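**Student:** Provided herewith: input_0.pdb, PDB, C-alpha atoms and all ligand atoms.
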ATOM      1  CA  MET G  12     -19.053   0.188  15.209
ATOM      2  CA  GLU G  13     -21.572   1.077  12.537
ATOM      3  CA  THR G  14     -21.268  -0.366   9.035
ATOM      4  CA  ILE G  15     -22.489   2.099   6.427
ATOM      5  CA  THR G  16     -22.817   1.473   2.704
ATOM      6  CA  THR G  17     -24.015   4.736   1.168
ATOM      7  CA  ILE G  18     -22.257   8.057   0.716
ATOM      8  CA  ALA G  19     -25.281  10.059   1.896
ATOM      9  CA  GLU G  20     -25.650   8.098   5.122
ATOM     10  CA  LEU G  21     -21.962   8.288   5.992
ATOM     11  CA  ARG G  22     -21.933  12.054   5.411
ATOM     12  CA  ALA G  23     -25.023  12.422   7.623
ATOM     13  CA  ARG G  24     -23.478  10.342  10.422
ATOM     14  CA  LEU G  25     -20.127  12.172  10.335
ATOM     15  CA  ALA G  26     -21.509  15.729  10.128
ATOM     16  CA  PRO G  27     -22.411  16.136  13.835
ATOM     17  CA  HIS G  28     -18.973  14.853  14.895
ATOM     18  CA  ARG G  29     -17.284  17.329  12.588
ATOM     19  CA  LEU G  30     -19.501  20.157  13.899
ATOM     20  CA  ALA G  31     -18.527  19.177  17.440
ATOM     21  CA  GLY G  32     -14.884  19.672  16.468
ATOM     22  CA  LYS G  33     -13.960  15.982  16.538
ATOM     23  CA  SER G  34     -10.978  14.912  14.450
ATOM     24  CA  ILE G  35     -11.494  12.154  11.881
ATOM     25  CA  GLY G  36      -8.904   9.529  10.944
ATOM     26  CA  LEU G  37      -9.394   7.452   7.783
ATOM     27  CA  VAL G  38      -7.854   4.081   6.928
ATOM     28  CA  PRO G  39      -8.633   3.154   3.306
ATOM     29  CA  THR G  40      -8.501  -0.591   2.582
ATOM     30  CA  MET G  41      -9.681  -3.239   0.166
ATOM     31  CA  GLY G  42     -10.576  -5.566   3.060
ATOM     32  CA  TYR G  43      -9.541  -9.130   3.880
ATOM     33  CA  LEU G  44      -7.800  -7.564   6.816
ATOM     34  CA  HIS G  45      -4.561  -8.653   8.438
ATOM     35  CA  VAL G  46      -2.258  -7.349  11.164
ATOM     36  CA  GLY G  47      -0.769  -4.781   8.746
ATOM     37  CA  HIS G  48      -4.161  -3.139   8.322
ATOM     38  CA  MET G  49      -4.729  -3.319  12.078
ATOM     39  CA  GLU G  50      -1.512  -1.375  12.660
ATOM     40  CA  LEU G  51      -2.929   1.415  10.480
ATOM     41  CA  VAL G  52      -6.139   1.241  12.531
ATOM     42  CA  ALA G  53      -4.167   1.425  15.787
ATOM     43  CA  ARG G  54      -2.324   4.533  14.557
ATOM     44  CA  ALA G  55      -5.622   6.122  13.564
ATOM     45  CA  ARG G  56      -7.234   5.177  16.898
ATOM     46  CA  ALA G  57      -4.331   6.705  18.835
ATOM     47  CA  SER G  58      -4.519  10.056  17.054
ATOM     48  CA  SER G  59      -8.144  10.679  16.064
ATOM     49  CA  ASP G  60     -11.464  11.107  17.882
ATOM     50  CA  ILE G  61     -13.408   9.271  15.182
ATOM     51  CA  VAL G  62     -11.909   6.406  13.172
ATOM     52  CA  VAL G  63     -13.373   5.503   9.785
ATOM     53  CA  VAL G  64     -12.154   2.456   7.853
ATOM     54  CA  SER G  65     -13.206   2.146   4.234
ATOM     55  CA  LEU G  66     -13.477  -1.258   2.597
ATOM     56  CA  PHE G  67     -13.905  -1.118  -1.136
ATOM     57  CA  VAL G  68     -12.370  -3.366  -3.786
ATOM     58  CA  ASN G  69     -12.019  -0.589  -6.325
ATOM     59  CA  PRO G  70     -12.596  -1.803  -9.899
ATOM     60  CA  LEU G  71     -10.954   1.345 -11.320
ATOM     61  CA  GLN G  72      -7.505   0.248 -10.146
ATOM     62  CA  PHE G  73      -7.634  -3.283 -11.573
ATOM     63  CA  GLY G  74      -6.457  -4.033 -15.101
ATOM     64  CA  ALA G  75      -8.599  -6.196 -17.402
ATOM     65  CA  ASN G  76      -6.513  -9.309 -16.697
ATOM     66  CA  GLU G  77      -6.053  -8.737 -12.979
ATOM     67  CA  ASP G  78      -7.671 -10.395  -9.971
ATOM     68  CA  LEU G  79     -10.732  -8.148  -9.349
ATOM     69  CA  ALA G  80     -13.208 -11.044  -9.398
ATOM     70  CA  LYS G  81     -11.165 -13.342  -7.194
ATOM     71  CA  TYR G  82      -9.830 -10.685  -4.779
ATOM     72  CA  PRO G  83     -10.307 -12.239  -1.296
ATOM     73  CA  ARG G  84     -13.327 -11.004   0.670
ATOM     74  CA  ASN G  85     -14.678 -11.760   4.158
ATOM     75  CA  LEU G  86     -16.834  -8.916   5.472
ATOM     76  CA  GLU G  87     -17.915 -10.658   8.674
ATOM     77  CA  ARG G  88     -14.384 -11.426   9.762
ATOM     78  CA  ASP G  89     -13.241  -7.908   8.811
ATOM     79  CA  GLU G  90     -16.073  -6.365  10.857
ATOM     80  CA  ALA G  91     -15.134  -8.419  13.921
ATOM     81  CA  MET G  92     -11.485  -7.327  13.636
ATOM     82  CA  LEU G  93     -12.460  -3.671  13.276
ATOM     83  CA  VAL G  94     -14.785  -3.808  16.315
ATOM     84  CA  GLU G  95     -11.823  -5.236  18.229
ATOM     85  CA  GLY G  96      -9.662  -2.373  16.918
ATOM     86  CA  GLY G  97     -12.064   0.259  18.279
ATOM     87  CA  VAL G  98     -13.224   1.567  14.892
ATOM     88  CA  ASP G  99     -16.276   3.861  14.888
ATOM     89  CA  PHE G 100     -17.465   3.552  11.286
ATOM     90  CA  LEU G 101     -16.850   0.988   8.568
ATOM     91  CA  PHE G 102     -17.677   2.424   5.146
ATOM     92  CA  ALA G 103     -18.280  -0.557   2.866
ATOM     93  CA  PRO G 104     -20.001   0.737  -0.260
ATOM     94  CA  GLY G 105     -20.925  -1.377  -3.247
ATOM     95  CA  VAL G 106     -19.626  -0.540  -6.713
ATOM     96  CA  LYS G 107     -23.001   1.075  -7.568
ATOM     97  CA  ASP G 108     -22.774   3.290  -4.450
ATOM     98  CA  MET G 109     -19.289   4.554  -5.350
ATOM     99  CA  TYR G 110     -19.730   4.610  -9.118
ATOM    100  CA  PRO G 111     -23.434   4.946  -9.993
ATOM    101  CA  ARG G 112     -22.347   5.733 -13.560
ATOM    102  CA  PRO G 113     -19.027   5.514 -15.406
ATOM    103  CA  MET G 114     -16.539   8.032 -14.034
ATOM    104  CA  GLU G 115     -15.954  10.956 -16.377
ATOM    105  CA  ALA G 116     -13.828  12.923 -13.879
ATOM    106  CA  VAL G 117     -10.651  11.183 -12.766
ATOM    107  CA  VAL G 118      -7.483  12.113 -10.914
ATOM    108  CA  ASP G 119      -4.162  11.166 -12.452
ATOM    109  CA  VAL G 120      -0.609  11.558 -11.196
ATOM    110  CA  PRO G 121       0.889  10.497 -14.492
ATOM    111  CA  THR G 122       4.635  10.535 -14.006
ATOM    112  CA  LEU G 123       4.779   8.976 -10.538
ATOM    113  CA  GLY G 124       1.975   6.648 -11.606
ATOM    114  CA  SER G 125       3.630   5.240 -14.701
ATOM    115  CA  GLU G 126       6.923   4.284 -13.062
ATOM    116  CA  LEU G 127       7.787   0.976 -11.374
ATOM    117  CA  GLU G 128       4.563  -0.904 -10.428
ATOM    118  CA  GLY G 129       2.735   1.509 -12.766
ATOM    119  CA  SER G 130       4.852   0.287 -15.691
ATOM    120  CA  VAL G 131       3.403  -3.216 -15.314
ATOM    121  CA  ARG G 132      -0.090  -2.082 -14.174
ATOM    122  CA  PRO G 133      -1.097   0.670 -16.628
ATOM    123  CA  GLY G 134      -3.959   2.804 -15.266
ATOM    124  CA  HIS G 135      -3.647   1.333 -11.778
ATOM    125  CA  PHE G 136      -2.482   4.488 -10.021
ATOM    126  CA  ALA G 137      -5.042   6.751 -11.709
ATOM    127  CA  GLY G 138      -7.651   4.358 -10.292
ATOM    128  CA  VAL G 139      -6.064   4.637  -6.845
ATOM    129  CA  ALA G 140      -5.760   8.452  -6.998
ATOM    130  CA  THR G 141      -9.381   8.774  -8.126
ATOM    131  CA  VAL G 142     -10.887   6.537  -5.450
ATOM    132  CA  VAL G 143      -8.730   8.004  -2.676
ATOM    133  CA  THR G 144      -9.758  11.528  -3.698
ATOM    134  CA  LYS G 145     -13.394  10.450  -3.714
ATOM    135  CA  LEU G 146     -13.001   8.918  -0.234
ATOM    136  CA  PHE G 147     -11.342  12.128   0.993
ATOM    137  CA  ASN G 148     -14.243  14.154  -0.424
ATOM    138  CA  ILE G 149     -16.862  11.917   1.194
ATOM    139  CA  ILE G 150     -15.223  11.540   4.606
ATOM    140  CA  GLN G 151     -13.161  14.753   4.826
ATOM    141  CA  PRO G 152     -10.668  13.181   7.227
ATOM    142  CA  ASP G 153      -8.100  15.222   9.135
ATOM    143  CA  ARG G 154      -5.603  12.374   8.722
ATOM    144  CA  ALA G 155      -5.365   9.381   6.422
ATOM    145  CA  PHE G 156      -3.154   6.353   7.017
ATOM    146  CA  PHE G 157      -1.354   4.357   4.319
ATOM    147  CA  GLY G 158       1.179   1.532   4.537
ATOM    148  CA  GLU G 159       4.804   1.912   3.469
ATOM    149  CA  LYS G 160       4.483  -1.567   1.936
ATOM    150  CA  ASP G 161       2.787   0.149  -0.997
ATOM    151  CA  PHE G 162       5.546   2.759  -1.082
ATOM    152  CA  GLN G 163       4.849   4.102  -4.561
ATOM    153  CA  GLN G 164       1.167   4.475  -3.666
ATOM    154  CA  LEU G 165       2.085   6.357  -0.482
ATOM    155  CA  GLN G 166       4.406   8.778  -2.289
ATOM    156  CA  LEU G 167       1.911   9.301  -5.091
ATOM    157  CA  ILE G 168      -0.857  10.113  -2.605
ATOM    158  CA  ARG G 169       1.437  12.523  -0.752
ATOM    159  CA  ARG G 170       2.176  14.273  -4.054
ATOM    160  CA  MET G 171      -1.496  14.338  -5.074
ATOM    161  CA  VAL G 172      -2.496  15.849  -1.723
ATOM    162  CA  ALA G 173       0.252  18.479  -1.979
ATOM    163  CA  ASP G 174      -0.407  19.402  -5.625
ATOM    164  CA  LEU G 175      -4.192  19.609  -5.216
ATOM    165  CA  ALA G 176      -4.063  21.158  -1.700
ATOM    166  CA  GLN G 177      -6.327  18.418  -0.411
ATOM    167  CA  PRO G 178      -6.918  19.288   3.285
ATOM    168  CA  VAL G 179      -5.689  16.042   4.836
ATOM    169  CA  GLU G 180      -2.499  14.916   6.555
ATOM    170  CA  VAL G 181      -1.083  11.743   4.996
ATOM    171  CA  ILE G 182       0.588   9.415   7.480
ATOM    172  CA  GLY G 183       2.822   6.542   6.339
ATOM    173  CA  VAL G 184       2.983   3.436   8.533
ATOM    174  CA  PRO G 185       5.961   1.014   8.500
ATOM    175  CA  THR G 186       5.416  -2.425   6.969
ATOM    176  CA  VAL G 187       4.207  -5.178   9.290
ATOM    177  CA  ARG G 188       5.822  -8.540   8.501
ATOM    178  CA  GLU G 189       5.272 -12.239   9.101
ATOM    179  CA  ALA G 190       7.762 -14.300  11.135
ATOM    180  CA  ASP G 191      10.074 -14.959   8.151
ATOM    181  CA  GLY G 192      10.030 -11.309   7.124
ATOM    182  CA  LEU G 193       7.452 -11.529   4.310
ATOM    183  CA  ALA G 194       5.298  -8.384   4.271
ATOM    184  CA  CYS G 195       1.720  -9.114   5.358
ATOM    185  CA  SER G 196      -0.556  -8.746   2.341
ATOM    186  CA  SER G 197      -4.102  -9.823   1.531
ATOM    187  CA  ARG G 198      -2.772 -11.459  -1.631
ATOM    188  CA  ASN G 199      -0.465 -13.790   0.354
ATOM    189  CA  VAL G 200      -3.448 -16.186   0.572
ATOM    190  CA  TYR G 201      -3.095 -16.860  -3.155
ATOM    191  CA  LEU G 202       0.333 -18.450  -2.620
ATOM    192  CA  THR G 203       0.645 -22.240  -2.664
ATOM    193  CA  PRO G 204       2.632 -23.645   0.301
ATOM    194  CA  GLU G 205       5.687 -23.944  -1.992
ATOM    195  CA  GLU G 206       5.314 -20.364  -3.243
ATOM    196  CA  ARG G 207       4.755 -19.106   0.320
ATOM    197  CA  ALA G 208       8.026 -20.725   1.437
ATOM    198  CA  ALA G 209       9.831 -19.357  -1.628
ATOM    199  CA  ALA G 210       8.478 -15.833  -1.027
ATOM    200  CA  ALA G 211      10.858 -15.460   1.935
ATOM    201  CA  ILE G 212      13.455 -14.569  -0.717
ATOM    202  CA  VAL G 213      11.813 -11.125  -1.042
ATOM    203  CA  PRO G 214      12.656  -9.717   2.417
ATOM    204  CA  LYS G 215      15.997 -11.539   2.230
ATOM    205  CA  ALA G 216      16.762  -9.609  -0.946
ATOM    206  CA  LEU G 217      16.160  -6.360   0.950
ATOM    207  CA  ASP G 218      18.672  -7.499   3.574
ATOM    208  CA  GLU G 219      21.126  -8.490   0.870
ATOM    209  CA  ALA G 220      20.869  -5.012  -0.657
ATOM    210  CA  SER G 221      21.481  -3.386   2.724
ATOM    211  CA  ARG G 222      24.498  -5.635   3.213
ATOM    212  CA  LEU G 223      25.946  -4.705  -0.175
ATOM    213  CA  VAL G 224      25.448  -0.985   0.464
ATOM    214  CA  ALA G 225      27.093  -1.386   3.886
ATOM    215  CA  GLU G 226      30.021  -3.075   2.102
ATOM    216  CA  GLY G 227      30.395   0.025  -0.029
ATOM    217  CA  VAL G 228      28.616  -0.782  -3.305
ATOM    218  CA  THR G 229      27.818   2.573  -4.936
ATOM    219  CA  ASP G 230      27.020   1.528  -8.508
ATOM    220  CA  VAL G 231      23.253   1.383  -8.984
ATOM    221  CA  GLY G 232      23.397  -1.014 -11.954
ATOM    222  CA  ALA G 233      25.724  -3.366 -10.087
ATOM    223  CA  LEU G 234      23.427  -3.377  -7.059
ATOM    224  CA  GLU G 235      20.299  -4.031  -9.160
ATOM    225  CA  LEU G 236      22.110  -6.858 -10.949
ATOM    226  CA  ALA G 237      23.316  -8.382  -7.671
ATOM    227  CA  ILE G 238      19.760  -8.307  -6.277
ATOM    228  CA  SER G 239      18.417  -9.797  -9.492
ATOM    229  CA  GLU G 240      20.947 -12.636  -9.276
ATOM    230  CA  PHE G 241      20.147 -13.135  -5.594
ATOM    231  CA  ILE G 242      16.416 -13.438  -6.348
ATOM    232  CA  ASP G 243      17.164 -15.776  -9.276
ATOM    233  CA  THR G 244      18.522 -18.302  -6.751
ATOM    234  CA  GLU G 245      14.846 -18.958  -5.967
ATOM    235  CA  PRO G 246      13.395 -20.688  -9.049
ATOM    236  CA  LEU G 247       9.756 -19.816  -8.194
ATOM    237  CA  ALA G 248      10.497 -16.071  -8.018
ATOM    238  CA  LYS G 249       9.867 -14.134 -11.249
ATOM    239  CA  PRO G 250      10.996 -10.513 -10.859
ATOM    240  CA  GLU G 251       8.893  -7.843 -12.588
ATOM    241  CA  VAL G 252      10.552  -4.793 -11.032
ATOM    242  CA  ILE G 253      13.899  -4.510  -9.232
ATOM    243  CA  ALA G 254      14.770  -0.849  -9.007
ATOM    244  CA  ILE G 255      16.862   1.592  -7.020
ATOM    245  CA  ARG G 256      15.207   5.021  -6.970
ATOM    246  CA  ASP G 257      15.038   8.333  -5.178
ATOM    247  CA  PRO G 258      12.612   7.672  -2.285
ATOM    248  CA  GLU G 259      10.658  10.900  -2.789
ATOM    249  CA  THR G 260      10.507  11.447  -6.544
ATOM    250  CA  LEU G 261      10.937   7.753  -7.479
ATOM    251  CA  ARG G 262      13.349   8.987 -10.163
ATOM    252  CA  ILE G 263      16.371   6.963 -11.242
ATOM    253  CA  VAL G 264      19.466   7.790  -9.201
ATOM    254  CA  SER G 265      22.861   7.747 -10.881
ATOM    255  CA  GLU G 266      24.796   6.378  -7.920
ATOM    256  CA  ILE G 267      24.479   5.531  -4.258
ATOM    257  CA  GLY G 268      26.084   8.449  -2.488
ATOM    258  CA  GLU G 269      25.264  10.127   0.797
ATOM    259  CA  LYS G 270      21.491  10.202   0.435
ATOM    260  CA  PRO G 271      19.017   7.389   1.192
ATOM    261  CA  VAL G 272      17.843   5.325  -1.768
ATOM    262  CA  LEU G 273      14.711   3.253  -2.261
ATOM    263  CA  LEU G 274      14.928  -0.377  -3.347
ATOM    264  CA  LEU G 275      11.552  -1.404  -4.741
ATOM    265  CA  LEU G 276      10.704  -5.008  -5.587
ATOM    266  CA  PHE G 277       7.683  -6.347  -7.451
ATOM    267  CA  ILE G 278       8.127 -10.109  -7.683
ATOM    268  CA  ARG G 279       5.744 -12.682  -9.111
ATOM    269  CA  PHE G 280       5.246 -16.168  -7.668
ATOM    270  CA  GLY G 281       2.970 -18.087 -10.024
ATOM    271  CA  SER G 282       0.182 -15.593 -10.738
ATOM    272  CA  THR G 283       0.650 -13.711  -7.444
ATOM    273  CA  LYS G 284       2.568 -10.440  -7.454
ATOM    274  CA  LEU G 285       4.233  -9.392  -4.217
ATOM    275  CA  LEU G 286       5.504  -5.934  -3.437
ATOM    276  CA  ASP G 287       8.197  -4.944  -1.004
ATOM    277  CA  ASN G 288      10.690  -2.151  -0.546
ATOM    278  CA  ARG G 289      13.272  -0.651   1.750
ATOM    279  CA  VAL G 290      14.728   2.805   2.068
ATOM    280  CA  ILE G 291      18.465   2.267   2.578
ATOM    281  CA  ASP G 292      20.457   5.076   4.167
ATOM    282  CA  PRO G 293      24.115   4.548   3.132
ATOM    283  CA  LYS G 294      25.272   6.475   6.208
ATOM    284  CA  ASN G 295      23.365   4.269   8.605
ATOM    285  CA  VAL G 296      22.667   0.834   7.099
ATOM    286  CA  LYS G 297      20.759  -1.553   9.319
ATOM    287  CA  PHE G 298      20.120  -5.100   8.221
ATOM    288  CA  ALA G 299      19.457  -8.521   9.652
ATOM    289  CA  LYS G 300      21.769 -11.373   8.706
ATOM    290  CA  VAL G 301      20.683 -13.201   5.535
ATOM    291  CA  ALA G 302      20.060 -16.822   6.551
TER
HETATM  292  N1  LIG L   1       2.080  -5.367   5.810
HETATM  293  C1  LIG L   1       1.559  -4.156   5.873
HETATM  294  N2  LIG L   1       2.021  -3.270   6.781
HETATM  295  C2  LIG L   1       1.516  -2.010   6.836
HETATM  296  N3  LIG L   1       0.523  -1.566   6.036
HETATM  297  C3  LIG L   1       0.031  -2.418   5.125
HETATM  298  C4  LIG L   1       0.518  -3.747   4.995
HETATM  299  N4  LIG L   1      -0.168  -4.355   4.001
HETATM  300  C5  LIG L   1      -1.041  -3.452   3.514
HETATM  301  N5  LIG L   1      -0.929  -2.290   4.188
HETATM  302  C6  LIG L   1      -1.654  -1.052   3.905
HETATM  303  O1  LIG L   1      -3.032  -1.240   4.118
HETATM  304  C7  LIG L   1      -3.750  -0.376   3.238
HETATM  305  C8  LIG L   1      -4.784  -1.175   2.518
HETATM  306  O2  LIG L   1      -4.112  -2.103   1.680
HETATM  307  P1  LIG L   1      -4.816  -3.308   0.957
HETATM  308  O3  LIG L   1      -6.208  -3.454   1.481
HETATM  309  O4  LIG L   1      -4.580  -3.242  -0.495
HETATM  310  O5  LIG L   1      -4.034  -4.527   1.572
HETATM  311  P2  LIG L   1      -2.833  -5.332   1.012
HETATM  312  O6  LIG L   1      -2.504  -6.363   1.977
HETATM  313  O7  LIG L   1      -1.798  -4.352   0.541
HETATM  314  O8  LIG L   1      -3.515  -6.010  -0.213
HETATM  315  P3  LIG L   1      -2.880  -6.475  -1.540
HETATM  316  O9  LIG L   1      -2.401  -7.840  -1.250
HETATM  317  O10 LIG L   1      -4.067  -6.366  -2.399
HETATM  318  O11 LIG L   1      -1.808  -5.508  -1.972
HETATM  319  C9  LIG L   1      -2.719   0.246   2.284
HETATM  320  O12 LIG L   1      -2.396   1.550   2.760
HETATM  321  C10 LIG L   1      -1.543  -0.688   2.439
HETATM  322  O13 LIG L   1      -0.296  -0.066   2.178
HETATM  323  C1  LIG L   2      -5.613   2.850  -1.035
HETATM  324  C2  LIG L   2      -6.570   1.813  -1.583
HETATM  325  C3  LIG L   2      -7.561   1.389  -0.498
HETATM  326  C4  LIG L   2      -7.387   2.469  -2.709
HETATM  327  O1  LIG L   2      -8.292   1.574  -3.260
HETATM  328  C5  LIG L   2      -5.832   0.601  -2.152
HETATM  329  O2  LIG L   2      -5.030   0.939  -3.222
HETATM  330  C6  LIG L   2      -5.068  -0.156  -1.101
HETATM  331  O3  LIG L   2      -5.718  -0.960  -0.421
HETATM  332  O4  LIG L   2      -3.848   0.034  -0.941
HETATM  333  N1  LIG L   3      -2.414  -2.772  -2.161
HETATM  334  C1  LIG L   3      -2.562  -1.953  -3.331
HETATM  335  C2  LIG L   3      -3.846  -2.203  -4.020
HETATM  336  C3  LIG L   3      -3.744  -3.037  -5.256
HETATM  337  O1  LIG L   3      -2.783  -3.806  -5.420
HETATM  338  O2  LIG L   3      -4.638  -2.937  -6.083
END
Turn this file's structure into structure tokens for me.
**Tutor:**
Amino acid sequence: METITTIAELRARLAPHRLAGKSIGLVPTMGYLHVGHMELVARARASSDIVVVSLFVNPLQFGANEDLAKYPRNLERDEAMLVEGGVDFLFAPGVKDMYPRPMEAVVDVPTLGSELEGSVRPGHFAGVATVVTKLFNIIQPDRAFFGEKDFQQLQLIRRMVADLAQPVEVIGVPTVREADGLACSSRNVYLTPEERAAAAIVPKALDEASRLVAEGVTDVGALELAISEFIDTEPLAKPEVIAIRDPETLRIVSEIGEKPVLLLLFIRFGSTKLLDNRVIDPKNVKFAKVA
């Protein structure tokens, strides 16, 4: 694997592969890798001739009071994991390489980007859309892989790619979880042992929602309230978003009928915000027993 830090060098190294007709798979990340990221890498490796992973903690998507400065970083460990995963190129630019001057041109997906997580992180999704577009322009991948854990991000990128006819196939990868069901996330390292134990309430709440839908709950407000009360049983959990939405448009749904619905959770433990979600198909509800 080659680690490359500048746009010009990466373009130069990829050009001959593209000319030779090789397909390129891109996995964008912010580093501090875990098994969830490695699943994205495995999908890319299985379907592309050349695999590029980007590692860039993108300042544009962090709010003024967010964790940009303390975001976990460990380049050496990440490199070793990516070599193990059979990656060809790691693109790890510095902020000055990606943004040599303040960005005047940006990409925004304003409606999808202001809902849900966007409502508590203003500007976040414009930062994501802008950096992902820039990565697409630099790398020109045939396919790009994103986790379903960040479901709103995935749907927003799909919409951006469709609306702007960006020539890339977006592939969503199911969430990889720890033994107690908590979604793997780089930010899990921020949790104290007590918060980490308490965070198991998040995947349990997804199971509880599936159970209630299987029991026949159709009222969206009643389901959101029941999930809120369920999460409130864990004193360390502070819900920021508990919402039932249309999985594609992320719009509010009036009731749970025949079609699948998205339950999206954004729950704070101390200063750490954890995301999770599940698409629940009322006609075929699958759930594990809530312990
Ligand atoms: N548990 C997971 N399963 C599958 N994909 C994941 C998982 N966690 C993250 N990803 C995906 O990996 C890509 C890079 O994500 P990122 O580097 O932000 O990691 P993260 O663990 O989501 O970090 P954070 O804690 O900052 O949200 C994104 O497409 C994200 O959806
Ligand atoms: C897609 C992404 C790498 C853009 O910075 C980031 O939002 C992430 O890690 O999910
Ligand atoms: N995993 C999404 C990137 C972020 O929270 O900034």
**Student:** Report as a list in words the residues that result from applying the PyMOL selection byres (((chain G and resi 26-35) around 10) and not hetatm) to the structure here.
**Tutor:** Leu21, Arg22, Ala23, Arg24, Leu25, Gly36, Leu37, Ala55, Arg56, Ser58, Ser59, Asp60, Ile61, Val62, Val63, Ile150, Gln151, Pro152, Asp153, Arg154, Ala155 and Val179 of chain G
**Student:** Using all atoms listed in the file, tabulate the residues of chain G lying at most 7 Å from any atom of ligand LIG 3 (chain L), each with its closest atom pair and that distance in Å to one decimal, by chain and increasing residue number, as JSON lines.
**Tutor:**
{"residue": "G:Gln72", "atom": "CA", "partner": "L:LIG3", "partner_atom": "O2", "distance": 5.9}
{"residue": "G:Phe73", "atom": "CA", "partner": "L:LIG3", "partner_atom": "O2", "distance": 6.3}
{"residue": "G:Asp161", "atom": "CA", "partner": "L:LIG3", "partner_atom": "N1", "distance": 6.1}
**Student:** Please, which residues have at least one atom within 8 Å of an atom of ligand LIG 2 (chain L), using all atoms listed in the file, listed as a list in words?
**Tutor:**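 Final answer, ordered by chain and number: Val38, Pro39, Thr40, Met41, Gly42, Ser65, Leu66, Phe67, Val68, Asn69, Gln72, Gly138, Val139, Ala140, Val142, Val143, Phe157, Gly158, Asp161 and Gln164 of chain G.
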**Student:** Please write out the residues within 9 Å of ligand LIG 1 (chain L) as a ChimeraX atom specification, counting all atoms listed in the file.
**Tutor:** /G:38-51,66-68,82-83,156-162,164-165,183-189,193-200,284-286
**Student:** I'd like the interatomic distance between atom CA of Ala173 of chain G and atom CA of Leu261 of chain G, to a tenth of an Å.
**Tutor:** 16.1 Å
**Student:** Could you check how far atom CA of Thr283 of chain G sits from atom CA of Asp243 of chain G, in Å to one decimal?
**Tutor:**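 Taking atom CA of Thr283 of chain G as the start and atom CA of Asp243 of chain G as the end point, the length is 16.7 Å.
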**Student:** Using atom CA of Gln163 of chain G and atom CA of Phe277 of chain G as the two end points, give the distance in Å to one decimal.
**Tutor:**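 Going from atom CA of Gln163 of chain G over to atom CA of Phe277 of chain G covers 11.2 Å.
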**Student:** Applying 8 Å and only C-alpha atoms, which residues near segment 227-236 of chain G remain after dropping the ones on its own chain fewer than 4 positions away? List them as a PyMOL selection string.
**Tutor:** chain G and resi 220+223+240+253-255+264-268
**Student:** Could you save the residues just selected, with C-alpha atoms, as a PDB file, in the frame of the given file?
**Tutor:**
ATOM      1  CA  ALA G 220      20.869  -5.012  -0.657  1.00  0.00           C
ATOM      2  CA  LEU G 223      25.946  -4.705  -0.175  1.00  0.00           C
ATOM      3  CA  GLU G 240      20.947 -12.636  -9.276  1.00  0.00           C
ATOM      4  CA  ILE G 253      13.899  -4.510  -9.232  1.00  0.00           C
ATOM      5  CA  ALA G 254      14.770  -0.849  -9.007  1.00  0.00           C
ATOM      6  CA  ILE G 255      16.862   1.592  -7.020  1.00  0.00           C
ATOM      7  CA  VAL G 264      19.466   7.790  -9.201  1.00  0.00           C
ATOM      8  CA  SER G 265      22.861   7.747 -10.881  1.00  0.00           C
ATOM      9  CA  GLU G 266      24.796   6.378  -7.920  1.00  0.00           C
ATOM     10  CA  ILE G 267      24.479   5.531  -4.258  1.00  0.00           C
ATOM     11  CA  GLY G 268      26.084   8.449  -2.488  1.00  0.00           C
TER      12      GLY G 268
END
**Student:** Identify which of the residues G:Lys297, G:Lys145, G:Arg169, G:Arg279 lies closest to Tyr110 of chain G, counting only C-alpha atoms when measuring atom-to-atom distances.
**Tutor:** G:Lys145
**Student:** So that all listed atoms of segment 207-217 of chain G fit with 6 Å spare on each side, what axis-aligned box centre and edge lengths in Å, to one decimal, would you give as AutoDock Vina command-line options?
**Tutor:**
--center_x 10.8 --center_y -13.5 --center_z 0.4 --size_x 24.0 --size_y 26.4 --size_z 16.0
**Student:** Can you tell me, as a PyMOL selection string, which residues sit within 9 Å of (17.4, 4.8, -0.8) in the file's frame, using only C-alpha atoms?
**Tutor:** chain G and resi 255-258+267+270-274+289-293
**Student:** Could you write out as a PyMOL selection string the residues that the PyMOL selection byres (((chain G and resi 246-251) around 12) and not hetatm) matches in the shown file?
**Tutor:** chain G and resi 127-132+202-213+216+235-236+238-245+252-254+275-287
**Student:** Using only C-alpha atoms, which of G:Ala91, G:Val106, G:Met12, G:Val117 sits nearest Leu79 of chain G?
**Tutor:**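 Smallest distance to Leu79 of chain G is found for G:Val106.
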**Student:** Fix up segment 144-149 of chain G with N, CA and C atoms, then write it as a compact mmCIF listing (two decimals), in the coordinates of the input.
**Tutor:**
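For reference, out-v8.txt as written:
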# COMPACT_ATOMS: atom_id res chain seq x y z
N THR G 144 -9.20 10.17 -3.70
CA THR G 144 -9.76 11.53 -3.70
C THR G 144 -11.24 11.49 -3.38
N LYS G 145 -11.95 10.54 -3.97
CA LYS G 145 -13.39 10.45 -3.71
C LYS G 145 -13.65 10.13 -2.23
N LEU G 146 -12.86 9.23 -1.67
CA LEU G 146 -13.00 8.92 -0.23
C LEU G 146 -12.70 10.15 0.62
N PHE G 147 -11.66 10.89 0.25
CA PHE G 147 -11.34 12.13 0.99
C PHE G 147 -12.52 13.10 0.91
N ASN G 148 -13.13 13.21 -0.26
CA ASN G 148 -14.24 14.15 -0.42
C ASN G 148 -15.47 13.72 0.37
N ILE G 149 -15.68 12.42 0.46
CA ILE G 149 -16.86 11.92 1.19
C ILE G 149 -16.65 12.06 2.70
